[in-house]
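See structure below.
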Amino acid sequence: MGTQQQTCEINQLLKTFDALIQLSQASFDYQLVLTDIWIKAFSELTRELASYEAKGETIEDWRQFLEVWSNIFDREFYI
């Protein structure tokens with residue numbers, strides 16, 4: 001195997017490692033964004049549930065709870 005071929009293979013290997021590092025960083029950044037969304041959505045959910053309580057209303061079942069949660073999450077996720 002010639003030196004030029006070895007150099008080419010090493011360069012390709014370095015490019016591959018660089019791509020993996022970039023992918024890992026992008027994945028980490030995405031997880032940070034999602035974590036922020038989840039935190040905001042959960043905070044909004046607790047405010048919404050407190051609002052129900054302040055009005056003397058209750059969540060009747062899981063279906064209603066999931067509907068409230070889903071609406072809040074959708075709103076936060078699409079902002």
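Identifiers in this document derive from the order of the structure tokens: chains are assigned A, B, ..., residues are numbered from 1 separately in each chain, and ligands are numbered from 1 in order of occurrence.
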- Could you give me, as a list in words, the residues within 12 Å of segment 62-64 of chain A, counting only C-alpha atoms and dropping anything in the same chain fewer than 6 positions from it?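 The residues satisfying every condition are Leu49, Ser70 and Asn71 of chain A.
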- Selected residue of minimal separation from Arg75 of chain A among A:Ala54, A:Ile59, A:Leu45, A:Leu14, counting only C-alpha atoms: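 Looking only at the distances to Arg75 of chain A, the closest residue turns out to be A:Leu45.
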- With only C-alpha atoms as the atoms that count, which of A:Asn11, A:Trp38, A:Asp61, A:Tyr30 lies nearest to Asp74 of chain A?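 Nearest candidate to Asp74 of chain A out of A:Asn11, A:Trp38, A:Asp61, A:Tyr30: A:Trp38.
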- Query: Please, what distance in Å, to one decimal, runs between atom CA of Gln25 of chain A and atom CA of Ile10 of chain A?
  - Reply: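 We find that atom CA of Gln25 of chain A and atom CA of Ile10 of chain A lie 22.6 Å from each other.
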- In Å, rounded to a single decimal, give me how far atom CA of Phe77 of chain A is from atom CA of Leu32 of chain A. 13.2 Å
- Take atom CA of Val68 of chain A and atom CA of Lys40 of chain A and report the distance between them in Å, one decimal.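 If I compute the distance from atom CA of Val68 of chain A to atom CA of Lys40 of chain A, I get 14.4 Å.
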- Task: Would you mind telling me which residue in A:Lys15, A:Glu9, A:Ser51, A:Glu76 lies nearest to Thr35 of chain A when using only C-alpha atoms?
- Result: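 Checking each candidate against Thr35 of chain A, we get A:Glu76 as the closest.
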